[in-house]
Amino acid sequence: MAVVEALVPPRSNSRRVVRRVLRNPLAITGLAVLAIAVVLAVFANWLAPHDPTQTQLGNAFAPPGTAGHLLGTDDLGRDVLSRIMFGLRASLHVGILAVAFSLVIGVPLGLIAGYFRAIDALISRLTDLVLAFPFLILAVGLAAIRGASLGNAAIAIGIAQIPGMIRIVRSETLRLKSLDFVSAAIVEGAGDAWILGRHILPNAGSALIVQATVGIPAAILGEAVLSFLGLGIQPPAPSLGTMLSDAQQFASRAPWAAVMPGVAIMLLTLAFNIVGDSLRDALDPKASRR
Amino acid sequence: MRRYLLNRLWQSLVTLVLATIVVFVGVRALPGDPALALAGEERDPESLRAIRQQYGLDQSWLVQFWKFVSHAARGDLGESIRTGTPVRSMILSALPVTIELSVLAIVIASVIGVGAGVLAAVRRGGPAEWAANGLALLGLSVPHFWLGLMAILYLSVALGLFPASGFVPFFTNPVANLHHLILPAVILGTGLAAVIMRQTRSSMLDALSADYIRTAEAKGLPPKAVIGKHALRNSLIVVVTIVGLQLGALISGAVVTERIFALPGFGKLTVDAVFQRDYPVIQAVVLVTATAYIVINLLVDLLYSVIDPRIRVRGEA
């Protein structure tokens with residue numbers, strides 16, 4: 001194997017990673033699930049069979065398979081399938097927003113902490129402080145101060161993810177800084193900003209991508225918890241978390257309304273985690289030997 | 001060792017002071033005038049002024065902060081705006097429930113996680129590894145509160161195996177106490193078990209390929225003794241580390257689990273206080289949570305240095 005690889009002309013790292021991920025059937029399944037979820041969420045307006053907020057009291061608690069309601073209806077006669085599609089949209093929205101927020105704040109701080117030793121202690125201490133606050137308490141506080149909404153839920157979850165992001169970028173920066181090509185750039189007289197932006201950040205990219213693919217499902221679960229507690233997306237807007245919290249009241253009468261949104265969340269986060277895992281394995285030269 | 005200890009203690013103290021300030025300012029940044037909330041129906045200026053005076057809200061923040069800290073240090077956390085009950089007694093009655101729930105969850109998660117992790121590493125490539133890996137992925141992906149709902153729906157309501165909600169104190173009836181807590185503890189422990197399993201598996205794989213294991217095998221130790229002795233010490237470090245790292249997640253998880261199973265614990269107290277805008281309770285609850293987190297983290301670090309001698313040495317250097 002090693003001999004064959006040595007004979008093949010070297011190709012770029014990212015193409016090799018993509019090839020490795022695509023050789024893994026589990027990863028392809030995960031990617032397929034994600035693609036379906038994204039299509040359902042983005043085109044929910046056209047794909048959903050019903051308006052997710054339209055109530056039909058005469059048609060409440062229709063079991064799955066009822067004509068026109070593939071997954072049944074809830075206590076107000078709303079179509080469960082349509083609500084799940086729009087709920088997926090909200091989940092993905094919060095997941096991406098939260099991770100984007102943690103990237104925007106975490107990456108520069110991580111670069112600075114890893115590169116400038118003088119500021120490292122301060123940033124690391126602040127990171128510890130944020131870590132010292134359980135995420136839920138933080139989110140509860142933010143909801144109390146700024147009101148419960150999708151955006152505020154995303155910010156709370158994003159803040160909770162910043163320390164992890166800082167640590168990843170910081171350790172990557174520390175590792176890359178000691179490598180020869182960075183020393184060479186320093187000798188050539190490159191400025192700090194140039195080295196960070198041109199040499200360190202691009203090479204830390206793969207670690208960041210893995211962290212983001214792990215961060216999105218964590219954020220989706222976080223949104224579900226917040227909405228379940230009434231601190232996230234506000235009714236009547238559909239969210240998988242609020243659907244579960246509503247369904248709790250009538251779970252023994254209409255179990256499908258409690259089962260389906262949970263299955264949707266699980267499939268979504270499972271797909272993200274599988275893709276994240278296979279990405280990490282593909283990027284880690286040690287893992288491939290195992 | 002002593003210097004490491006002192007250094008670590010000092011760090012904890014600084015974090016605690018910072019956390020106290022954040023809590024104090026955070027609660028005062030909440031919208032709405034607490035005096036208005038306290039007054040209820042009687043909103044004439046006269047009674048508002050009386051209330052501000054009674055609760056010291058007319059004094060400067062600095063004076064209020066000093067009062068808050070000095071009272072808190074003596075264990076006086078004020079009274080609930082809603083019920084007038086001392087916050088301290090509310091916390092003291094809620095805390096044991098949450099502590100018992102969390103400890104049970106950690107024990108269950110450690111047993112399952114370490115067992116599955118060792119099995120997956122030893123039986124590499126076999127169905128046991130596949131099953132353990134699959135379960136770990138599921139454990140990381142499933143929303144725990146949903147799992148709790150499903151457990152109530154199918155195990156408690158349909159099959160009647162466990163009580164769906166409520167709590168019995170341990171000293172009133174230990175059997176009923178465990179019967180009420182075992183299901184919530186398993187639910188709370190699933191995520192933790194998954195993380196412990198993955199970490200145990202990878203550190204076992206590293207250990208199994210290490211030179212000292214090969215030496216142990218070469219000198220004729222039976223495989224069971226090799227795995228047992230070295231796996232145990234390694235997994236102890238893994239469990240302690242992960243419990244330290246996952247503590248915040250565990251506290252958050254406990255809040256949700258308590259809400260689903262209607263356990264009268266700390267989490268329920270927190271959520272109720274936020275919805276009722278019960279400021280003294282919110283303030284106290286966050287302060288206690290932060291203190292607990294900092295103290296447990298300190299303990300984890302100290303325990304860590306006892307198990308893993310390398311850290312002690314590095315701390316001294």
# chains A, B, ... in the order shown; residues from 1 in each chain; ligands from 1
>>> interface_residues(of="chain B", to="chain A", cutoff="6 Å", atoms="only C-alpha atoms", output="count of residues only")
6
>>> atom_distance(atom1="atom CA of A:Arg20", atom2="atom CA of A:Arg280")
10.7 Å
>>> select_by_dssp(residues="stretch 51-121 of chain B", states="helix (DSSP H, G or I)", output="compact mmCIF listing (two decimals) with all heavy atoms, in the first residue's frame")
# COMPACT_ATOMS: atom_id res chain seq x y z
N ILE B 51 -40.87 49.58 50.01
CA ILE B 51 -40.29 48.29 49.59
C ILE B 51 -38.81 48.45 49.25
O ILE B 51 -37.97 47.65 49.65
CB ILE B 51 -41.07 47.72 48.38
CG1 ILE B 51 -42.43 47.21 48.87
CG2 ILE B 51 -40.30 46.60 47.71
CD1 ILE B 51 -43.39 46.90 47.76
N ARG B 52 -38.50 49.55 48.51
CA ARG B 52 -37.09 49.78 48.15
C ARG B 52 -36.23 49.87 49.40
O ARG B 52 -35.12 49.36 49.44
CB ARG B 52 -36.97 51.07 47.34
CG ARG B 52 -37.47 50.91 45.92
CD ARG B 52 -36.77 51.84 44.95
NE ARG B 52 -37.30 51.59 43.61
CZ ARG B 52 -38.37 52.22 43.13
NH1 ARG B 52 -38.99 53.14 43.84
NH2 ARG B 52 -38.82 51.94 41.92
N GLN B 53 -36.81 50.56 50.41
CA GLN B 53 -36.06 50.73 51.66
C GLN B 53 -35.89 49.38 52.37
O GLN B 53 -34.80 49.05 52.82
CB GLN B 53 -36.81 51.69 52.57
CG GLN B 53 -35.89 52.46 53.48
CD GLN B 53 -36.58 53.69 54.02
OE1 GLN B 53 -37.82 53.80 53.98
NE2 GLN B 53 -35.81 54.62 54.54
N GLN B 54 -36.99 48.60 52.40
CA GLN B 54 -36.97 47.32 53.11
C GLN B 54 -35.93 46.38 52.52
O GLN B 54 -35.23 45.67 53.23
CB GLN B 54 -38.37 46.69 53.03
CG GLN B 54 -38.51 45.43 53.89
CD GLN B 54 -39.77 44.67 53.52
OE1 GLN B 54 -40.73 45.24 53.01
NE2 GLN B 54 -39.76 43.37 53.77
N TRP B 61 -25.00 50.45 44.30
CA TRP B 61 -24.67 49.07 43.95
C TRP B 61 -23.54 48.53 44.82
O TRP B 61 -23.52 47.36 45.17
CB TRP B 61 -24.25 49.00 42.47
CG TRP B 61 -25.42 48.90 41.55
CD1 TRP B 61 -26.69 49.34 41.79
CD2 TRP B 61 -25.44 48.28 40.26
NE1 TRP B 61 -27.49 49.06 40.73
CE2 TRP B 61 -26.76 48.42 39.77
CE3 TRP B 61 -24.48 47.65 39.48
CZ2 TRP B 61 -27.13 47.92 38.53
CZ3 TRP B 61 -24.85 47.16 38.24
CH2 TRP B 61 -26.16 47.30 37.77
N LEU B 62 -22.58 49.44 45.14
CA LEU B 62 -21.44 49.00 45.93
C LEU B 62 -21.88 48.51 47.30
O LEU B 62 -21.46 47.45 47.76
CB LEU B 62 -20.44 50.16 46.05
CG LEU B 62 -18.98 49.76 45.99
CD1 LEU B 62 -18.64 49.12 44.66
CD2 LEU B 62 -18.09 50.95 46.27
N VAL B 63 -22.77 49.30 47.93
CA VAL B 63 -23.28 48.92 49.24
C VAL B 63 -24.09 47.62 49.13
O VAL B 63 -23.93 46.69 49.93
CB VAL B 63 -24.18 50.04 49.82
CG1 VAL B 63 -24.82 49.59 51.13
CG2 VAL B 63 -23.36 51.30 50.03
N GLN B 64 -24.92 47.55 48.08
CA GLN B 64 -25.72 46.35 47.88
C GLN B 64 -24.83 45.12 47.67
O GLN B 64 -25.12 44.03 48.17
CB GLN B 64 -26.62 46.51 46.65
CG GLN B 64 -27.78 47.47 46.88
CD GLN B 64 -28.77 47.40 45.71
OE1 GLN B 64 -29.13 46.34 45.25
NE2 GLN B 64 -29.18 48.56 45.23
N PHE B 65 -23.75 45.33 46.90
CA PHE B 65 -22.85 44.20 46.62
C PHE B 65 -22.20 43.70 47.90
O PHE B 65 -22.12 42.50 48.16
CB PHE B 65 -21.78 44.63 45.60
CG PHE B 65 -20.84 43.51 45.23
CD1 PHE B 65 -21.29 42.42 44.51
CD2 PHE B 65 -19.51 43.55 45.63
CE1 PHE B 65 -20.43 41.38 44.18
CE2 PHE B 65 -18.64 42.51 45.29
CZ PHE B 65 -19.12 41.44 44.57
N TRP B 66 -21.75 44.67 48.73
CA TRP B 66 -21.10 44.30 49.97
C TRP B 66 -22.07 43.52 50.87
O TRP B 66 -21.73 42.51 51.46
CB TRP B 66 -20.56 45.54 50.70
CG TRP B 66 -20.08 45.21 52.08
CD1 TRP B 66 -20.59 45.65 53.25
CD2 TRP B 66 -19.00 44.33 52.40
NE1 TRP B 66 -19.90 45.10 54.30
CE2 TRP B 66 -18.91 44.28 53.80
CE3 TRP B 66 -18.11 43.57 51.64
CZ2 TRP B 66 -17.98 43.51 54.47
CZ3 TRP B 66 -17.17 42.79 52.30
CH2 TRP B 66 -17.11 42.76 53.71
N LYS B 67 -23.33 43.99 50.91
CA LYS B 67 -24.34 43.31 51.73
C LYS B 67 -24.58 41.89 51.20
O LYS B 67 -24.66 40.93 51.97
CB LYS B 67 -25.67 44.08 51.67
CG LYS B 67 -25.78 45.16 52.74
CD LYS B 67 -27.08 45.89 52.55
CE LYS B 67 -27.90 45.92 53.81
NZ LYS B 67 -29.11 46.75 53.62
N PHE B 68 -24.68 41.79 49.86
CA PHE B 68 -24.93 40.49 49.23
C PHE B 68 -23.81 39.51 49.57
O PHE B 68 -24.05 38.39 50.01
CB PHE B 68 -25.04 40.70 47.71
CG PHE B 68 -25.01 39.44 46.88
CD1 PHE B 68 -25.94 38.43 47.08
CD2 PHE B 68 -24.06 39.26 45.89
CE1 PHE B 68 -25.93 37.28 46.32
CE2 PHE B 68 -24.03 38.11 45.13
CZ PHE B 68 -24.96 37.12 45.35
N VAL B 69 -22.55 39.99 49.42
CA VAL B 69 -21.41 39.11 49.66
C VAL B 69 -21.30 38.74 51.13
O VAL B 69 -21.13 37.57 51.48
CB VAL B 69 -20.10 39.77 49.17
CG1 VAL B 69 -18.90 38.97 49.62
CG2 VAL B 69 -20.11 39.88 47.66
N SER B 70 -21.43 39.75 52.01
CA SER B 70 -21.22 39.46 53.43
C SER B 70 -22.34 38.57 53.97
O SER B 70 -22.11 37.68 54.78
CB SER B 70 -21.11 40.75 54.24
OG SER B 70 -22.27 41.53 54.05
N HIS B 71 -23.57 38.78 53.47
CA HIS B 71 -24.67 37.91 53.89
C HIS B 71 -24.48 36.49 53.35
O HIS B 71 -24.68 35.51 54.07
CB HIS B 71 -26.01 38.47 53.43
CG HIS B 71 -26.46 39.63 54.27
ND1 HIS B 71 -27.56 40.40 53.97
CD2 HIS B 71 -25.94 40.15 55.40
CE1 HIS B 71 -27.70 41.35 54.87
NE2 HIS B 71 -26.72 41.22 55.76
N ALA B 72 -24.09 36.42 52.06
CA ALA B 72 -23.90 35.11 51.44
C ALA B 72 -22.83 34.33 52.17
O ALA B 72 -22.94 33.12 52.37
CB ALA B 72 -23.56 35.26 49.97
N ALA B 73 -21.77 35.03 52.57
CA ALA B 73 -20.66 34.37 53.26
C ALA B 73 -21.13 33.77 54.58
O ALA B 73 -20.61 32.76 55.05
CB ALA B 73 -19.52 35.35 53.49
N VAL B 87 -34.24 31.63 51.12
CA VAL B 87 -33.69 30.94 49.95
C VAL B 87 -32.80 29.79 50.39
O VAL B 87 -32.75 28.73 49.78
CB VAL B 87 -32.89 31.94 49.08
CG1 VAL B 87 -32.25 31.22 47.91
CG2 VAL B 87 -33.80 33.03 48.59
N ARG B 88 -32.11 30.00 51.52
CA ARG B 88 -31.20 28.99 52.02
C ARG B 88 -31.92 27.66 52.27
O ARG B 88 -31.43 26.59 51.89
CB ARG B 88 -30.60 29.50 53.32
CG ARG B 88 -29.47 28.65 53.80
CD ARG B 88 -29.04 29.12 55.16
NE ARG B 88 -28.74 27.94 55.94
CZ ARG B 88 -27.99 27.97 57.01
NH1 ARG B 88 -27.51 29.09 57.45
NH2 ARG B 88 -27.73 26.87 57.65
N SER B 89 -33.11 27.72 52.89
CA SER B 89 -33.78 26.45 53.17
C SER B 89 -34.33 25.83 51.88
O SER B 89 -34.40 24.61 51.75
CB SER B 89 -34.89 26.65 54.21
OG SER B 89 -35.91 27.45 53.69
N MET B 90 -34.71 26.68 50.89
CA MET B 90 -35.15 26.15 49.61
C MET B 90 -34.02 25.37 48.96
O MET B 90 -34.21 24.26 48.43
CB MET B 90 -35.58 27.28 48.67
CG MET B 90 -36.84 28.01 49.10
SD MET B 90 -37.10 29.51 48.14
CE MET B 90 -37.96 28.85 46.72
N ILE B 91 -32.81 25.96 49.01
CA ILE B 91 -31.66 25.31 48.37
C ILE B 91 -31.27 24.04 49.12
O ILE B 91 -31.00 23.01 48.53
CB ILE B 91 -30.48 26.30 48.30
CG1 ILE B 91 -30.78 27.35 47.23
CG2 ILE B 91 -29.18 25.59 48.00
CD1 ILE B 91 -29.75 28.41 47.09
N LEU B 92 -31.31 24.12 50.46
CA LEU B 92 -30.91 22.96 51.25
C LEU B 92 -31.85 21.78 51.04
O LEU B 92 -31.43 20.62 51.12
CB LEU B 92 -30.84 23.32 52.74
CG LEU B 92 -29.62 24.12 53.13
CD1 LEU B 92 -29.61 24.37 54.63
CD2 LEU B 92 -28.33 23.40 52.72
N SER B 93 -33.12 22.06 50.73
CA SER B 93 -34.01 20.92 50.50
C SER B 93 -33.91 20.41 49.07
O SER B 93 -34.20 19.25 48.80
CB SER B 93 -35.46 21.29 50.84
OG SER B 93 -35.99 22.14 49.87
N ALA B 94 -33.49 21.27 48.13
CA ALA B 94 -33.42 20.84 46.73
C ALA B 94 -32.08 20.16 46.41
O ALA B 94 -32.02 19.24 45.59
CB ALA B 94 -33.61 22.04 45.81
N LEU B 95 -31.02 20.62 47.08
CA LEU B 95 -29.68 20.16 46.73
C LEU B 95 -29.47 18.64 46.85
O LEU B 95 -28.90 18.02 45.94
CB LEU B 95 -28.65 20.92 47.57
CG LEU B 95 -27.33 21.25 46.89
CD1 LEU B 95 -27.53 21.84 45.53
CD2 LEU B 95 -26.51 22.19 47.76
N PRO B 96 -29.93 18.01 47.97
CA PRO B 96 -29.68 16.56 48.09
C PRO B 96 -30.26 15.75 46.93
O PRO B 96 -29.64 14.79 46.49
CB PRO B 96 -30.39 16.20 49.40
CG PRO B 96 -30.49 17.46 50.16
CD PRO B 96 -30.60 18.55 49.15
N VAL B 97 -31.41 16.18 46.42
CA VAL B 97 -32.03 15.45 45.31
C VAL B 97 -31.10 15.47 44.11
O VAL B 97 -30.81 14.42 43.51
CB VAL B 97 -33.38 16.11 44.92
CG1 VAL B 97 -34.04 15.32 43.80
CG2 VAL B 97 -34.28 16.22 46.13
N THR B 98 -30.60 16.67 43.77
CA THR B 98 -29.74 16.80 42.60
C THR B 98 -28.41 16.09 42.79
O THR B 98 -27.90 15.45 41.87
CB THR B 98 -29.51 18.29 42.31
OG1 THR B 98 -30.78 18.91 42.20
CG2 THR B 98 -28.74 18.49 41.03
N ILE B 99 -27.85 16.19 44.00
CA ILE B 99 -26.57 15.53 44.24
C ILE B 99 -26.72 14.02 44.10
O ILE B 99 -25.93 13.36 43.42
CB ILE B 99 -26.04 15.90 45.65
CG1 ILE B 99 -25.65 17.38 45.69
CG2 ILE B 99 -24.83 15.03 46.01
CD1 ILE B 99 -25.18 17.87 47.02
N GLU B 100 -27.79 13.47 44.69
CA GLU B 100 -27.98 12.02 44.59
C GLU B 100 -28.18 11.60 43.13
O GLU B 100 -27.59 10.63 42.65
CB GLU B 100 -29.19 11.59 45.43
CG GLU B 100 -29.17 10.10 45.70
CD GLU B 100 -30.47 9.59 46.31
OE1 GLU B 100 -31.24 10.40 46.87
OE2 GLU B 100 -30.72 8.39 46.19
N LEU B 101 -29.00 12.40 42.41
CA LEU B 101 -29.25 12.09 40.99
C LEU B 101 -27.94 12.10 40.20
O LEU B 101 -27.66 11.18 39.42
CB LEU B 101 -30.23 13.12 40.43
CG LEU B 101 -30.53 13.06 38.94
CD1 LEU B 101 -31.30 11.80 38.61
CD2 LEU B 101 -31.31 14.28 38.48
N SER B 102 -27.12 13.13 40.42
CA SER B 102 -25.88 13.26 39.64
C SER B 102 -24.89 12.16 39.98
O SER B 102 -24.25 11.59 39.10
CB SER B 102 -25.23 14.61 39.89
OG SER B 102 -26.17 15.63 39.79
N VAL B 103 -24.75 11.86 41.29
CA VAL B 103 -23.80 10.82 41.68
C VAL B 103 -24.21 9.48 41.09
O VAL B 103 -23.40 8.73 40.52
CB VAL B 103 -23.69 10.74 43.22
CG1 VAL B 103 -22.91 9.51 43.64
CG2 VAL B 103 -23.02 11.99 43.77
N LEU B 104 -25.52 9.17 41.18
CA LEU B 104 -26.02 7.93 40.58
C LEU B 104 -25.72 7.89 39.08
O LEU B 104 -25.27 6.87 38.55
CB LEU B 104 -27.53 7.83 40.78
CG LEU B 104 -28.04 6.94 41.91
CD1 LEU B 104 -29.56 7.00 41.95
CD2 LEU B 104 -27.58 5.51 41.71
N ALA B 105 -25.97 9.02 38.41
CA ALA B 105 -25.75 9.08 36.96
C ALA B 105 -24.28 8.85 36.64
O ALA B 105 -23.94 8.11 35.70
CB ALA B 105 -26.21 10.42 36.41
N ILE B 106 -23.37 9.46 37.43
CA ILE B 106 -21.94 9.30 37.17
C ILE B 106 -21.52 7.84 37.38
O ILE B 106 -20.78 7.27 36.57
CB ILE B 106 -21.11 10.23 38.10
CG1 ILE B 106 -21.34 11.68 37.70
CG2 ILE B 106 -19.64 9.89 38.04
CD1 ILE B 106 -20.69 12.68 38.63
N VAL B 107 -22.04 7.21 38.46
CA VAL B 107 -21.68 5.81 38.73
C VAL B 107 -22.15 4.91 37.58
O VAL B 107 -21.39 4.11 37.03
CB VAL B 107 -22.29 5.36 40.07
CG1 VAL B 107 -22.14 3.85 40.23
CG2 VAL B 107 -21.63 6.08 41.22
N ILE B 108 -23.42 5.08 37.19
CA ILE B 108 -23.96 4.24 36.11
C ILE B 108 -23.19 4.46 34.82
O ILE B 108 -22.78 3.52 34.14
CB ILE B 108 -25.47 4.56 35.90
CG1 ILE B 108 -26.26 4.12 37.13
CG2 ILE B 108 -25.99 3.86 34.66
CD1 ILE B 108 -27.71 4.58 37.12
N ALA B 109 -22.93 5.74 34.50
CA ALA B 109 -22.23 6.06 33.26
C ALA B 109 -20.81 5.50 33.26
O ALA B 109 -20.32 5.00 32.24
CB ALA B 109 -22.19 7.57 33.05
N SER B 110 -20.13 5.54 34.42
CA SER B 110 -18.76 5.04 34.49
C SER B 110 -18.73 3.54 34.29
O SER B 110 -17.89 3.01 33.55
CB SER B 110 -18.13 5.38 35.85
OG SER B 110 -18.24 6.74 36.11
N VAL B 111 -19.63 2.82 34.96
CA VAL B 111 -19.64 1.36 34.85
C VAL B 111 -19.89 0.96 33.39
O VAL B 111 -19.15 0.17 32.80
CB VAL B 111 -20.72 0.76 35.78
CG1 VAL B 111 -20.89 -0.73 35.49
CG2 VAL B 111 -20.33 0.98 37.23
N ILE B 112 -20.94 1.56 32.78
CA ILE B 112 -21.28 1.20 31.39
C ILE B 112 -20.17 1.67 30.45
O ILE B 112 -19.71 0.91 29.59
CB ILE B 112 -22.62 1.85 30.99
CG1 ILE B 112 -23.74 1.27 31.85
CG2 ILE B 112 -22.91 1.60 29.51
CD1 ILE B 112 -25.09 1.91 31.61
N GLY B 113 -19.73 2.91 30.62
CA GLY B 113 -18.75 3.48 29.70
C GLY B 113 -17.42 2.75 29.73
O GLY B 113 -16.87 2.41 28.68
N VAL B 114 -16.90 2.49 30.93
CA VAL B 114 -15.60 1.82 31.03
C VAL B 114 -15.73 0.38 30.53
O VAL B 114 -14.89 -0.10 29.76
CB VAL B 114 -15.09 1.85 32.50
CG1 VAL B 114 -13.89 0.92 32.66
CG2 VAL B 114 -14.72 3.26 32.90
N GLY B 115 -16.80 -0.30 30.93
CA GLY B 115 -17.00 -1.69 30.49
C GLY B 115 -17.05 -1.78 28.98
O GLY B 115 -16.31 -2.57 28.37
N ALA B 116 -17.88 -0.95 28.36
CA ALA B 116 -18.03 -1.00 26.91
C ALA B 116 -16.75 -0.57 26.21
O ALA B 116 -16.37 -1.14 25.19
CB ALA B 116 -19.20 -0.11 26.47
N GLY B 117 -16.05 0.41 26.79
CA GLY B 117 -14.81 0.90 26.18
C GLY B 117 -13.71 -0.15 26.18
O GLY B 117 -13.04 -0.37 25.18
N VAL B 118 -13.55 -0.84 27.32
CA VAL B 118 -12.54 -1.89 27.42
C VAL B 118 -12.88 -3.02 26.45
O VAL B 118 -12.03 -3.51 25.70
CB VAL B 118 -12.43 -2.42 28.86
CG1 VAL B 118 -11.55 -3.66 28.91
CG2 VAL B 118 -11.88 -1.34 29.78
N LEU B 119 -14.15 -3.39 26.42
CA LEU B 119 -14.61 -4.47 25.54
C LEU B 119 -14.32 -4.12 24.08
O LEU B 119 -13.80 -4.94 23.32
CB LEU B 119 -16.11 -4.67 25.74
CG LEU B 119 -16.66 -6.01 25.24
CD1 LEU B 119 -16.18 -7.13 26.15
CD2 LEU B 119 -18.19 -5.98 25.20
N ALA B 120 -14.64 -2.88 23.71
CA ALA B 120 -14.45 -2.46 22.32
C ALA B 120 -12.97 -2.49 21.94
O ALA B 120 -12.61 -2.83 20.82
CB ALA B 120 -15.03 -1.06 22.10
N ALA B 121 -12.09 -2.14 22.90
CA ALA B 121 -10.66 -2.10 22.59
C ALA B 121 -10.07 -3.51 22.51
O ALA B 121 -9.24 -3.80 21.65
CB ALA B 121 -9.93 -1.28 23.66
>>> atom_distance(atom1="atom CA of B:Ser60", atom2="atom CA of B:Arg28")
11.9 Å
>>> residues_around(residues="stretch 220-231 of chain B", least_positions_apart="2", cutoff="12 Å", atoms="only C-alpha atoms", output="PyMOL selection string")
chain B and resi 114-115+117-119+121-122+200-210+212-218+233-239
